[in-house]
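Text of the file coords_0.txt, holding compact mmCIF, C-alpha atoms:
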```
# COMPACT_ATOMS: atom_id res chain seq x y z
CA MET F 1 -7.00 16.57 4.05
CA GLN F 2 -5.66 15.19 0.79
CA ILE F 3 -2.91 12.59 0.96
CA THR F 4 -0.12 12.97 -1.61
CA ALA F 5 3.25 11.38 -2.22
CA GLN F 6 4.72 14.38 -0.44
CA THR F 7 2.75 13.38 2.65
CA LEU F 8 4.57 10.04 2.61
CA ALA F 9 7.91 11.79 2.10
CA LEU F 10 7.19 13.95 5.15
CA LEU F 11 6.35 10.83 7.15
CA ALA F 12 9.56 9.09 6.07
CA GLY F 13 11.71 12.19 6.48
CA THR F 14 13.12 11.74 2.97
CA ASN F 15 12.55 13.01 -0.55
CA GLU F 16 9.54 11.84 -2.54
CA ASN F 17 10.27 8.74 -4.65
CA ASP F 18 8.60 6.28 -7.02
CA ASN F 19 7.76 3.83 -4.24
CA MET F 20 5.77 6.53 -2.46
CA ARG F 21 3.97 7.37 -5.68
CA SER F 22 3.13 3.68 -6.08
CA THR F 23 1.66 3.55 -2.58
CA LEU F 24 -0.41 6.62 -3.40
CA ALA F 25 -1.61 5.06 -6.68
CA GLY F 26 -2.82 2.06 -4.70
CA LEU F 27 -4.65 4.28 -2.21
CA GLN F 28 -6.25 6.22 -5.04
CA ARG F 29 -7.56 3.02 -6.56
CA GLY F 30 -8.45 0.98 -3.51
CA GLY F 31 -7.98 3.02 -0.34
CA VAL F 32 -11.60 4.11 0.11
CA GLY F 33 -12.93 0.65 -0.72
CA ALA F 34 -10.72 -0.76 2.03
CA GLY F 35 -11.83 1.88 4.54
CA LEU F 36 -8.42 3.51 4.73
CA GLU F 37 -9.81 7.01 4.31
CA ARG F 38 -10.46 6.92 8.07
CA PRO F 39 -7.49 8.72 9.68
CA HIS F 40 -7.03 6.29 12.60
CA ARG F 41 -6.75 3.36 10.18
CA LEU F 42 -4.57 5.23 7.71
CA ALA F 43 -2.07 6.21 10.43
CA MET F 44 -1.71 2.54 11.38
CA TYR F 45 -1.42 1.51 7.73
CA LEU F 46 1.16 4.11 6.75
CA GLY F 47 3.18 3.61 9.93
CA GLN F 48 3.48 -0.10 9.25
CA LEU F 49 4.27 0.40 5.55
CA SER F 50 6.90 2.97 6.40
CA HIS F 51 8.63 0.49 8.71
CA GLU F 52 8.33 -2.51 6.38
CA SER F 53 9.81 -0.60 3.45
CA ALA F 54 12.40 1.35 5.49
CA GLY F 55 10.67 4.61 4.63
CA TRP F 56 9.72 3.49 1.10
CA LYS F 57 13.37 2.81 0.29
CA TYR F 58 12.69 -0.81 -0.71
CA ASP F 59 9.84 -2.38 -2.67
CA ARG F 60 11.14 -5.96 -2.83
CA GLU F 61 13.05 -8.45 -0.73
CA LEU F 62 16.82 -8.13 -0.74
CA TRP F 63 18.02 -11.57 -1.80
CA GLY F 64 21.32 -13.02 -0.58
CA PRO F 65 20.25 -15.71 -0.47
CA THR F 66 20.54 -16.13 3.27
CA ALA F 67 20.05 -19.49 4.96
CA ALA F 68 16.52 -18.42 5.93
CA GLN F 69 15.73 -17.39 2.36
CA LYS F 70 16.94 -20.72 1.00
CA ARG F 71 14.36 -22.48 3.15
CA TYR F 72 11.57 -20.62 1.36
CA ASP F 73 12.29 -22.68 -1.74
CA THR F 74 10.46 -25.66 -0.23
CA ARG F 75 7.82 -23.80 1.83
CA THR F 76 4.80 -25.82 0.74
CA ASP F 77 2.69 -23.93 3.30
CA LEU F 78 3.20 -20.89 1.07
CA GLY F 79 2.32 -22.80 -2.08
CA ASN F 80 5.91 -23.37 -3.21
CA THR F 81 6.88 -26.85 -4.37
CA ALA F 82 8.63 -29.34 -2.12
CA ALA F 83 11.53 -29.47 -4.56
CA ALA F 84 14.45 -27.04 -4.44
CA ASP F 85 13.56 -25.63 -7.86
CA GLY F 86 13.81 -21.87 -7.33
CA ASP F 87 10.30 -21.07 -6.09
CA GLY F 88 11.72 -19.24 -3.08
CA TYR F 89 13.46 -16.71 -5.29
CA LEU F 90 10.74 -16.58 -7.96
CA TYR F 91 8.04 -15.81 -5.38
CA ARG F 92 10.22 -13.74 -3.07
CA GLY F 93 8.74 -10.77 -1.24
CA ARG F 94 7.56 -7.87 -3.36
CA GLY F 95 5.78 -4.65 -2.45
CA PRO F 96 5.94 -2.52 0.72
CA ILE F 97 4.27 -5.29 2.72
CA GLN F 98 6.01 -8.11 0.93
CA ILE F 99 3.83 -10.64 -0.88
CA THR F 100 5.71 -13.92 -0.45
CA GLY F 101 5.06 -17.45 -1.75
CA LYS F 102 3.17 -18.78 -4.76
CA SER F 103 -0.16 -19.15 -2.98
CA ASN F 104 -0.14 -15.49 -1.94
CA TYR F 105 0.64 -14.44 -5.51
CA ALA F 106 -2.32 -16.54 -6.66
CA GLN F 107 -4.62 -15.03 -4.01
CA PHE F 108 -3.53 -11.52 -4.95
CA THR F 109 -4.26 -12.29 -8.60
CA ALA F 110 -7.80 -13.43 -7.78
CA TRP F 111 -8.41 -10.33 -5.63
CA ALA F 112 -6.97 -7.95 -8.23
CA ARG F 113 -9.08 -9.42 -11.03
CA LYS F 114 -12.26 -8.74 -9.09
CA MET F 115 -11.19 -5.10 -9.20
CA ASP F 116 -9.93 -5.15 -12.77
CA ARG F 117 -10.39 -8.20 -15.00
CA ALA F 118 -7.29 -7.17 -16.97
CA ALA F 119 -5.03 -7.40 -13.90
CA PRO F 120 -1.84 -9.41 -14.50
CA ASP F 121 -1.46 -13.05 -13.55
CA PHE F 122 1.05 -12.51 -10.77
CA VAL F 123 1.84 -16.23 -10.58
CA LYS F 124 3.01 -16.22 -14.21
CA ASN F 125 4.59 -12.79 -13.91
CA PRO F 126 5.58 -12.09 -10.27
CA ASP F 127 7.52 -8.95 -11.22
CA ALA F 128 4.20 -7.34 -12.24
CA VAL F 129 3.57 -6.82 -8.51
CA ASN F 130 6.09 -3.98 -8.76
CA THR F 131 4.11 -2.12 -11.42
CA ASP F 132 1.49 0.53 -10.78
CA PRO F 133 -1.10 0.45 -9.36
CA TRP F 134 -0.48 -3.13 -8.19
CA GLU F 135 2.53 -2.30 -6.05
CA GLY F 136 0.31 0.02 -4.02
CA LEU F 137 -2.64 -2.36 -4.06
CA GLY F 138 -0.64 -5.33 -2.76
CA PRO F 139 -0.50 -4.04 0.83
CA ILE F 140 -4.16 -3.02 0.64
CA TRP F 141 -5.01 -6.61 -0.37
CA TYR F 142 -3.00 -7.92 2.59
CA TRP F 143 -4.52 -5.41 5.03
CA ASP F 144 -8.07 -6.03 3.84
CA THR F 145 -7.96 -9.83 3.65
CA ARG F 146 -6.38 -10.08 7.11
CA SER F 147 -9.13 -7.88 8.62
CA ILE F 148 -6.60 -5.48 10.10
CA ASN F 149 -9.08 -2.60 10.17
CA ALA F 150 -10.83 -4.28 13.10
CA LEU F 151 -7.59 -4.17 15.08
CA ALA F 152 -6.88 -0.58 14.05
CA ASP F 153 -10.39 0.46 15.07
CA ARG F 154 -9.71 -0.46 18.66
CA GLY F 155 -6.22 1.03 18.60
CA ASP F 156 -4.54 -2.32 19.25
CA PHE F 157 -1.10 -1.43 17.93
CA GLU F 158 0.49 -4.63 19.16
CA ALA F 159 -2.11 -6.84 17.44
CA VAL F 160 -1.73 -4.89 14.18
CA THR F 161 2.03 -5.41 14.30
CA LYS F 162 1.70 -9.15 14.97
CA ARG F 163 -0.82 -9.55 12.14
CA ILE F 164 1.68 -8.03 9.72
CA ASN F 165 5.00 -9.23 11.11
CA GLY F 166 4.07 -12.41 12.94
CA GLY F 167 5.84 -10.99 15.97
CA LEU F 168 6.96 -7.64 17.34
CA ASN F 169 10.14 -7.08 15.33
CA GLY F 170 10.97 -3.38 15.08
CA TYR F 171 8.13 -2.53 17.44
CA ALA F 172 9.60 0.76 18.73
CA ASP F 173 10.30 1.96 15.19
CA ARG F 174 6.77 1.08 14.13
CA GLN F 175 5.43 3.15 17.03
CA GLN F 176 7.61 6.10 16.05
CA ARG F 177 6.42 5.92 12.44
CA TYR F 178 2.79 5.61 13.50
CA ALA F 179 3.21 8.70 15.69
CA ARG F 180 4.70 10.63 12.77
CA ALA F 181 1.77 9.62 10.56
CA ALA F 182 -0.75 10.57 13.27
CA LEU F 183 0.82 13.99 13.82
CA ILE F 184 0.84 14.72 10.09
CA LEU F 185 -2.83 13.76 9.78
CA MET F 186 -3.59 16.09 12.70
CA GLY F 187 -1.84 18.95 10.91
CA ARG F 188 1.25 18.94 13.12
CA LYS F 189 4.93 18.54 12.37
CA PRO F 190 5.86 14.83 12.26
CA THR F 191 8.47 15.21 15.01
CA ASP F 192 6.33 17.29 17.38
CA VAL F 193 5.53 14.56 19.88
CA ARG F 194 6.55 16.78 22.80
CA GLY F 195 4.40 19.68 21.59
CA TYR F 196 1.43 17.36 21.19
CA GLN F 197 1.93 15.98 24.69
CA MET F 198 2.11 19.45 26.18
CA ALA F 199 -1.09 20.50 24.39
CA LEU F 200 -2.90 17.45 25.78
CA GLY F 201 -1.54 17.81 29.31
CA LEU F 202 0.54 14.64 29.04
CA THR F 203 4.07 14.21 30.36
CA PRO F 204 6.16 15.96 27.68
CA ASP F 205 8.95 13.41 27.28
CA GLY F 206 8.84 13.28 23.47
CA VAL F 207 8.31 9.51 23.52
CA PRO F 208 5.20 8.03 21.85
CA GLY F 209 4.44 5.59 24.65
CA PRO F 210 1.14 3.76 25.27
CA ILE F 211 -0.66 6.77 26.78
CA THR F 212 0.41 9.11 23.99
CA LEU F 213 -0.47 6.56 21.30
CA ALA F 214 -3.90 5.99 22.86
CA SER F 215 -4.48 9.74 22.90
CA MET F 216 -3.50 10.02 19.24
CA HIS F 217 -5.84 7.18 18.34
CA LYS F 218 -8.73 8.91 20.11
CA ALA F 219 -7.98 12.20 18.34
CA LEU F 220 -7.82 10.53 14.93
CA LEU F 221 -11.13 8.75 15.52
CA SER F 222 -12.89 12.11 15.70
CA MET F 223 -11.40 13.46 12.47
CA PRO F 224 -13.16 13.52 9.07
CA PRO F 225 -12.08 11.18 6.25
CA VAL F 226 -9.10 12.07 4.10
CA SER F 227 -8.97 11.94 0.30
CA PHE F 228 -6.46 10.41 -2.06
CA GLY F 229 -7.08 12.49 -5.16
CA ALA F 230 -8.55 11.38 -8.47
CA VAL F 231 -8.72 7.67 -9.25
CA PRO F 232 -6.24 6.86 -12.05
CA VAL F 233 -7.36 5.03 -15.16
CA ILE F 234 -6.28 1.40 -15.09
CA ASP F 235 -5.87 -0.54 -18.30
CA ALA F 236 -3.29 -3.29 -18.05
CA ARG F 237 -4.22 -4.68 -21.45
CA PRO F 238 -1.83 -4.08 -24.37
CA PRO F 239 -3.09 -1.85 -27.19
CA ALA F 240 -5.06 -3.80 -29.79
CA LYS F 241 -3.45 -1.95 -32.71
CA PRO F 242 -0.19 -0.12 -33.37
CA ALA F 243 -0.05 3.56 -32.54
CA VAL F 244 -1.70 5.79 -35.16
CA SER F 245 0.40 8.42 -36.91
CA GLY F 246 -0.21 12.10 -36.32
CA GLN F 247 -2.06 12.46 -39.66
CA GLY F 248 -4.14 9.37 -38.94
CA LYS F 249 -5.07 10.70 -35.51
CA GLY F 250 -6.31 13.90 -37.11
CA ILE F 251 -8.63 11.95 -39.40
CA ILE F 252 -9.90 9.89 -36.46
CA TYR F 253 -10.66 13.04 -34.46
CA ILE F 254 -12.60 14.52 -37.42
CA ILE F 255 -14.63 11.32 -37.85
CA ALA F 256 -15.33 11.18 -34.10
CA ALA F 257 -16.46 14.81 -34.11
CA LEU F 258 -18.79 14.24 -37.08
CA ALA F 259 -20.25 11.14 -35.42
CA ALA F 260 -20.86 13.07 -32.20
CA ALA F 261 -22.57 15.88 -34.13
CA VAL F 262 -24.86 13.45 -35.97
CA ALA F 263 -25.70 11.68 -32.70
CA ALA F 264 -26.56 14.97 -31.03
CA TYR F 265 -28.78 15.98 -33.97
CA LEU F 266 -30.65 12.69 -33.88
CA GLY F 267 -30.94 12.80 -30.11
CA VAL F 268 -28.81 9.66 -29.66
CA LYS F 269 -27.21 9.37 -26.24
```

Could you rewrite the structure in this file as structure tokens?
Amino acid sequence: MQITAQTLALLAGTNENDNMRSTLAGLQRGGVGAGLERPHRLAMYLGQLSHESAGWKYDRELWGPTAAQKRYDTRTDLGNTAAADGDGYLYRGRGPIQITGKSNYAQFTAWARKMDRAAPDFVKNPDAVNTDPWEGLGPIWYWDTRSINALADRGDFEAVTKRINGGLNGYADRQQRYARAALILMGRKPTDVRGYQMALGLTPDGVPGPITLASMHKALLSMPPVSFGAVPVIDARPPAKPAVSGQGKGIIYIIAALAAAVAAYLGVK
């Protein structure tokens, strides 16, 4: 099965949007390296992302600021300064699993530059988190560095939720979204919980409870890996020279063709 932005739209029950395409770009670049091509892990991942972003509606923290948000300004445990100097807003949550706090922006920068040395410095430019493919790679960084695959492998939905949320906020919605993702990966309609239960001989109540979720996990474990399409070319560096005119490009193409012909004649590889 190939995952597309339309797959995410089906999961969310909405139209395809740029946030979904960003998530897909991240999976194309880093999904296999993070082991997310395994269906049982991907269902957990997409279910959590769908909840955290309200179905890919949001890709950054909505800033009031609320009283709780104001306290982030002096969260030294997140790498922000002890002074009320705007760090809370500057390093507010961005991405579908929100990267929050200066230290997390620094850690994401270090991780991203191992993948691509031209990755932005997200501490200097936090808004770059919301550019492709980094918006889609941010949650993969979080998932990978928090070893969430190990929890997904044993189907521990509660532990996965706590690792992401710190608690069990929105737990029922996360379960519903996981079930939708699992059904889609199994080739079923995302709302067909009852039909799935009937096919498995479970009580057909249409509710993805613990028994149904465990059954879905077992089914996904036996499925082959999915694909995310071609890996996009990443080059975050600015062009070294101004764009060449149409006539200039024609000359360049001719020169390149002549050089290739000479190289082939001489046996140069």

If we count only C-alpha atoms and set the cut-off at 12 Å, which residues sit around Leu78 of chain F, ignoring sequence neighbours fewer than 4 positions away in its own chain? Please answer as a short mmCIF file (atom, residue, chain, number, x, y, z; two decimals) with C-alpha atoms, in the coordinates of the input.
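Okay, this is what ended up in result-v3.cif:
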```
data_model
loop_
_atom_site.label_atom_id
_atom_site.label_comp_id
_atom_site.auth_asym_id
_atom_site.auth_seq_id
_atom_site.Cartn_x
_atom_site.Cartn_y
_atom_site.Cartn_z
CA ARG F 71 14.36 -22.48 3.15
CA TYR F 72 11.57 -20.62 1.36
CA ASP F 73 12.29 -22.68 -1.74
CA THR F 74 10.46 -25.66 -0.23
CA ALA F 82 8.63 -29.34 -2.12
CA ASP F 87 10.30 -21.07 -6.09
CA GLY F 88 11.72 -19.24 -3.08
CA TYR F 91 8.04 -15.81 -5.38
CA ARG F 92 10.22 -13.74 -3.07
CA GLY F 93 8.74 -10.77 -1.24
CA ILE F 99 3.83 -10.64 -0.88
CA THR F 100 5.71 -13.92 -0.45
CA GLY F 101 5.06 -17.45 -1.75
CA LYS F 102 3.17 -18.78 -4.76
CA SER F 103 -0.16 -19.15 -2.98
CA ASN F 104 -0.14 -15.49 -1.94
CA TYR F 105 0.64 -14.44 -5.51
CA ALA F 106 -2.32 -16.54 -6.66
CA GLN F 107 -4.62 -15.03 -4.01
#
```

Inset, instruction - Give the answer as one residue: which of F:Leu8, F:Met1, F:Ala68, F:Lys162 has the shortest atom-to-atom distance to Gly187 of chain F, using all atoms listed in the file? - result: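 Under the stated criterion, the closest residue is F:Met1.
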
Inset, instruction - To one decimal in Å, tell me the separation between atom CA of Arg180 of chain F and atom CA of Pro204 of chain F. - result: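 The value is 15.9 Å.
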
Legend entry - Of the listed residues F:Asn149, F:Asn165, F:Gln176, F:Thr212, that which approaches Arg41 of chain F most closely, counting only C-alpha atoms: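 Among the listed residues, F:Asn149 lies closest to Arg41 of chain F.
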
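Among the candidates F:Ala110, F:Ala128, F:Ala199, F:Ala214, the one nearest to Ala182 of chain F when counting all atoms listed in the file is F:Ala214.
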
Inset, instruction - Around the point (5.4, -3.8, 15.8), in the coordinates given by the file, pick out the residues reaching within 12 Å, counting all atoms listed in the file, and return them as a ChimeraX atom specification. - result: /F:44-45,47-52,156-178

Inset, instruction - Would you mind reading off the distance between atom CA of Gly13 of chain F and atom CA of Arg188 of chain F, one decimal, in Å? - result: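 Taking atom CA of Gly13 of chain F and atom CA of Arg188 of chain F, their separation equals 14.1 Å.
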
Legend entry - Interatomic distance, atom CA of Asn19 of chain F to atom CA of Asp144 of chain F (Å, one decimal):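 Between these atoms lies a distance of 20.3 Å.
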
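Each of F:Thr66, F:His40, F:Pro225, F:Gly35 was checked against Arg154 of chain F using all atoms listed in the file; the smallest atom-to-atom distance is that of F:His40.
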
Inset, instruction - Would you list the residues near (3.0, 5.1, -5.0), meaning any protein, DNA or RNA residue with an atom at most 12 Å from that point in file coordinates, counting all atoms listed in the file, as a PyMOL selection string? - result: chain F and resi 3-9+16-29+46+49+56-57+59+95-96+130-139+228+232

Selection: 10 Å around Leu183 of chain F, all atoms listed in the file, excl. self and same-chain fewer than 5 positions, as a PDB file with C-alpha atoms, in the frame of the given file:
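The resulting file, around12.pdb, is reproduced below:
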```
ATOM      1  CA  LEU F  11       6.350  10.830   7.150  1.00  0.00           C
ATOM      2  CA  ALA F  43      -2.070   6.210  10.430  1.00  0.00           C
ATOM      3  CA  ARG F 177       6.420   5.920  12.440  1.00  0.00           C
ATOM      4  CA  TYR F 178       2.790   5.610  13.500  1.00  0.00           C
ATOM      5  CA  ARG F 188       1.250  18.940  13.120  1.00  0.00           C
ATOM      6  CA  LYS F 189       4.930  18.540  12.370  1.00  0.00           C
ATOM      7  CA  PRO F 190       5.860  14.830  12.260  1.00  0.00           C
ATOM      8  CA  THR F 191       8.470  15.210  15.010  1.00  0.00           C
ATOM      9  CA  ASP F 192       6.330  17.290  17.380  1.00  0.00           C
ATOM     10  CA  VAL F 193       5.530  14.560  19.880  1.00  0.00           C
ATOM     11  CA  TYR F 196       1.430  17.360  21.190  1.00  0.00           C
ATOM     12  CA  MET F 216      -3.500  10.020  19.240  1.00  0.00           C
ATOM     13  CA  LEU F 220      -7.820  10.530  14.930  1.00  0.00           C
TER      14      LEU F 220
END
```
